[in-house]
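Student: Data: query_22.pdb, PDB, C-alpha atoms, pLDDT in the B column.
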ATOM      1  CA  MET D   1     -10.699   2.978  -2.851  1.00 93.00           C
ATOM      2  CA  LEU D   2     -13.425   0.631  -3.993  1.00 96.00           C
ATOM      3  CA  ARG D   3     -12.967  -3.124  -3.550  1.00 97.00           C
ATOM      4  CA  GLU D   4     -12.987  -3.687  -7.314  1.00 98.00           C
ATOM      5  CA  GLU D   5     -10.310  -1.027  -7.809  1.00 97.00           C
ATOM      6  CA  ALA D   6      -8.092  -2.646  -5.172  1.00 97.00           C
ATOM      7  CA  GLN D   7      -8.525  -6.057  -6.811  1.00 98.00           C
ATOM      8  CA  TRP D   8      -7.657  -4.705 -10.261  1.00 98.00           C
ATOM      9  CA  LEU D   9      -4.659  -2.684  -9.083  1.00 96.00           C
ATOM     10  CA  GLY D  10      -3.385  -5.598  -7.000  1.00 95.00           C
ATOM     11  CA  LYS D  11      -3.503  -7.866 -10.061  1.00 96.00           C
ATOM     12  CA  MET D  12      -1.597  -5.279 -12.097  1.00 95.00           C
ATOM     13  CA  ILE D  13       1.080  -4.821  -9.425  1.00 93.00           C
ATOM     14  CA  ASN D  14       1.466  -8.577  -8.898  1.00 91.00           C
ATOM     15  CA  SER D  15       1.830  -9.168 -12.646  1.00 94.00           C
ATOM     16  CA  LEU D  16       4.960  -6.984 -12.781  1.00 95.00           C
ATOM     17  CA  ASP D  17       8.543  -7.938 -11.972  1.00 95.00           C
ATOM     18  CA  GLU D  18       9.103  -7.281  -8.260  1.00 93.00           C
ATOM     19  CA  LYS D  19      12.519  -5.777  -9.000  1.00 94.00           C
ATOM     20  CA  THR D  20      10.878  -2.995 -11.022  1.00 95.00           C
ATOM     21  CA  VAL D  21       8.039  -2.296  -8.564  1.00 95.00           C
ATOM     22  CA  PHE D  22       9.620  -2.336  -5.110  1.00 96.00           C
ATOM     23  CA  PRO D  23      10.245  -0.347  -3.080  1.00 96.00           C
ATOM     24  CA  LEU D  24       6.756   1.037  -3.744  1.00 95.00           C
ATOM     25  CA  LEU D  25       5.612   4.484  -2.592  1.00 94.00           C
ATOM     26  CA  ASN D  26       1.925   4.656  -1.654  1.00 92.00           C
ATOM     27  CA  LEU D  27       1.172   8.400  -1.753  1.00 90.00           C
ATOM     28  CA  GLY D  28      -2.050   9.481  -0.061  1.00 88.00           C
ATOM     29  CA  SER D  29      -2.092   6.232   1.881  1.00 87.00           C
ATOM     30  CA  SER D  30      -4.156   7.354   4.867  1.00 88.00           C
ATOM     31  CA  SER D  31      -3.560   5.500   8.137  1.00 89.00           C
ATOM     32  CA  LYS D  32      -2.766   1.877   8.866  1.00 92.00           C
ATOM     33  CA  ILE D  33      -6.170   1.596  10.581  1.00 93.00           C
ATOM     34  CA  PHE D  34      -7.894   2.875   7.434  1.00 93.00           C
ATOM     35  CA  ARG D  35      -5.987   0.461   5.150  1.00 93.00           C
ATOM     36  CA  GLU D  36      -6.341  -2.590   7.394  1.00 94.00           C
ATOM     37  CA  LYS D  37      -9.595  -2.097   9.357  1.00 96.00           C
ATOM     38  CA  GLU D  38     -11.906   0.467   7.741  1.00 96.00           C
ATOM     39  CA  GLN D  39     -11.222  -0.655   4.156  1.00 97.00           C
ATOM     40  CA  PRO D  40      -9.412  -3.984   4.689  1.00 97.00           C
ATOM     41  CA  TRP D  41      -9.568  -4.900   1.005  1.00 98.00           C
ATOM     42  CA  ILE D  42      -6.867  -2.276   0.391  1.00 97.00           C
ATOM     43  CA  ASP D  43      -4.395  -4.241   2.491  1.00 97.00           C
ATOM     44  CA  GLN D  44      -5.775  -7.596   1.343  1.00 97.00           C
ATOM     45  CA  TYR D  45      -5.383  -6.978  -2.388  1.00 97.00           C
ATOM     46  CA  LEU D  46      -2.532  -4.452  -2.534  1.00 96.00           C
ATOM     47  CA  PHE D  47      -0.148  -4.746   0.386  1.00 95.00           C
ATOM     48  CA  ARG D  48      -0.438  -8.068   2.238  1.00 95.00           C
ATOM     49  CA  SER D  49       1.267 -10.217  -0.393  1.00 93.00           C
ATOM     50  CA  PRO D  50       4.229  -7.855  -0.936  1.00 93.00           C
ATOM     51  CA  ARG D  51       4.638  -7.478   2.853  1.00 93.00           C
ATOM     52  CA  GLU D  52       4.644 -11.262   3.346  1.00 95.00           C
ATOM     53  CA  LYS D  53       7.284 -11.571   0.602  1.00 94.00           C
ATOM     54  CA  GLY D  54       9.447  -8.969   2.341  1.00 95.00           C
ATOM     55  CA  ASN D  55       8.956  -6.241  -0.282  1.00 95.00           C
ATOM     56  CA  LEU D  56       9.078  -2.659   0.958  1.00 96.00           C
ATOM     57  CA  VAL D  57       5.998  -0.447   0.669  1.00 95.00           C
ATOM     58  CA  ILE D  58       6.317   3.100   2.017  1.00 92.00           C
ATOM     59  CA  HIS D  59       2.991   4.643   3.038  1.00 92.00           C
ATOM     60  CA  ALA D  60       3.042   8.460   2.901  1.00 88.00           C
ATOM     61  CA  ASP D  61       0.336  11.025   3.547  1.00 86.00           C
ATOM     62  CA  LEU D  62       0.161  14.675   4.594  1.00 82.00           C
ATOM     63  CA  LYS D  63      -1.394  13.728   7.913  1.00 78.00           C
ATOM     64  CA  GLN D  64       0.629  12.180  10.694  1.00 78.00           C
ATOM     65  CA  ASP D  65      -0.894   8.910  11.860  1.00 77.00           C
ATOM     66  CA  CYS D  66      -0.091   5.302  12.722  1.00 77.00           C
ATOM     67  CA  GLY D  67       1.586   3.516   9.817  1.00 77.00           C
ATOM     68  CA  VAL D  68       2.186   6.711   7.837  1.00 76.00           C
ATOM     69  CA  ILE D  69       5.290   8.713   7.048  1.00 75.00           C
ATOM     70  CA  ASN D  70       4.064  12.303   6.771  1.00 71.00           C
ATOM     71  CA  SER D  71       7.138  13.538   4.945  1.00 65.00           C
ATOM     72  CA  LEU D  72       8.607  12.754   1.565  1.00 64.00           C
ATOM     73  CA  TYR D  73      12.070  13.320   3.013  1.00 61.00           C
ATOM     74  CA  ILE D  74      12.858   9.820   4.264  1.00 57.00           C
TER      75      ILE D  74
END
What would you get if you wrote out this structure as structure tokens?

Tutor:
Amino acid sequence: MLREEAQWLGKMINSLDEKTVFPLLNLGSSSKIFREKEQPWIDQYLFRSPREKGNLVIHADLKQDCGVINSLYI
């Protein structure tokens, strides 16, 4: 995800009523390391604020990795 895309999507998500957005499913999320270290703007603009507010974001991907649920059967 490009930085500008993360900024735009973060603004859109944050403009909505939290009750209608969360819990949020992030499909194709990749790993926690990818979201927070390799492309830190993804966490910065999309997930940090909801996490700090206590809103649930479920990160799911086909691969099994740190910070990822690799099954849609939760």

Student: Please check which residues have atoms at most 12 Å from (-9.3, -6.6, 2.5) in the file's coordinates, counting all atoms listed in the file, and write them as number ranges by chain.

Tutor: D: 1-7, 10, 33-49

Student: With 5 Å of padding per side, what axis-aligned box (centre and edge lengths, Å, one decimal) covers all the listed atoms of region 52-57 of chain D? Give it as JSON.

Tutor:
{"center_x": 7.0, "center_y": -6.0, "center_z": 1.5, "size_x": 14.8, "size_y": 21.1, "size_z": 13.6}

Student: Between CA of Val57 (chain D) and CA of Lys19 (chain D), what distance in Å does the model show, to one decimal?

Tutor: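 Result for CA of Val57 (chain D) versus CA of Lys19 (chain D): 12.8 Å, one decimal.
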
Student: Would you mind listing, for every residue of region 17-52 of chain D within 10 Å of region 67-70 of chain D, the two atoms forming the shortest contact and the distance between them in Å to one decimal, using only C-alpha atoms, sorted by chain and ascending residue number, as CSV?

Tutor:
residue,atom,partner,partner_atom,distance
D:Asn26,CA,D:Val68,CA,9.7
D:Leu27,CA,D:Ile69,CA,9.7
D:Gly28,CA,D:Val68,CA,9.4
D:Ser29,CA,D:Val68,CA,7.3
D:Ser30,CA,D:Val68,CA,7.0
D:Ser31,CA,D:Gly67,CA,5.8
D:Lys32,CA,D:Gly67,CA,4.7
D:Ile33,CA,D:Gly67,CA,8.0
D:Phe34,CA,D:Gly67,CA,9.8
D:Arg35,CA,D:Gly67,CA,9.4

Student: What is the distance, in Å and to one decimal place, between CA of Leu16 (chain D) and CA of Cys66 (chain D)?

Tutor: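 For CA of Leu16 (chain D) relative to CA of Cys66 (chain D), the distance reads 28.8 Å.
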
Student: CA of Pro23 (chain D) to CA of Leu56 (chain D): how many Å, to one decimal?

Tutor: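 Atom-to-atom, CA of Pro23 (chain D) to CA of Leu56 (chain D), that is 4.8 Å.
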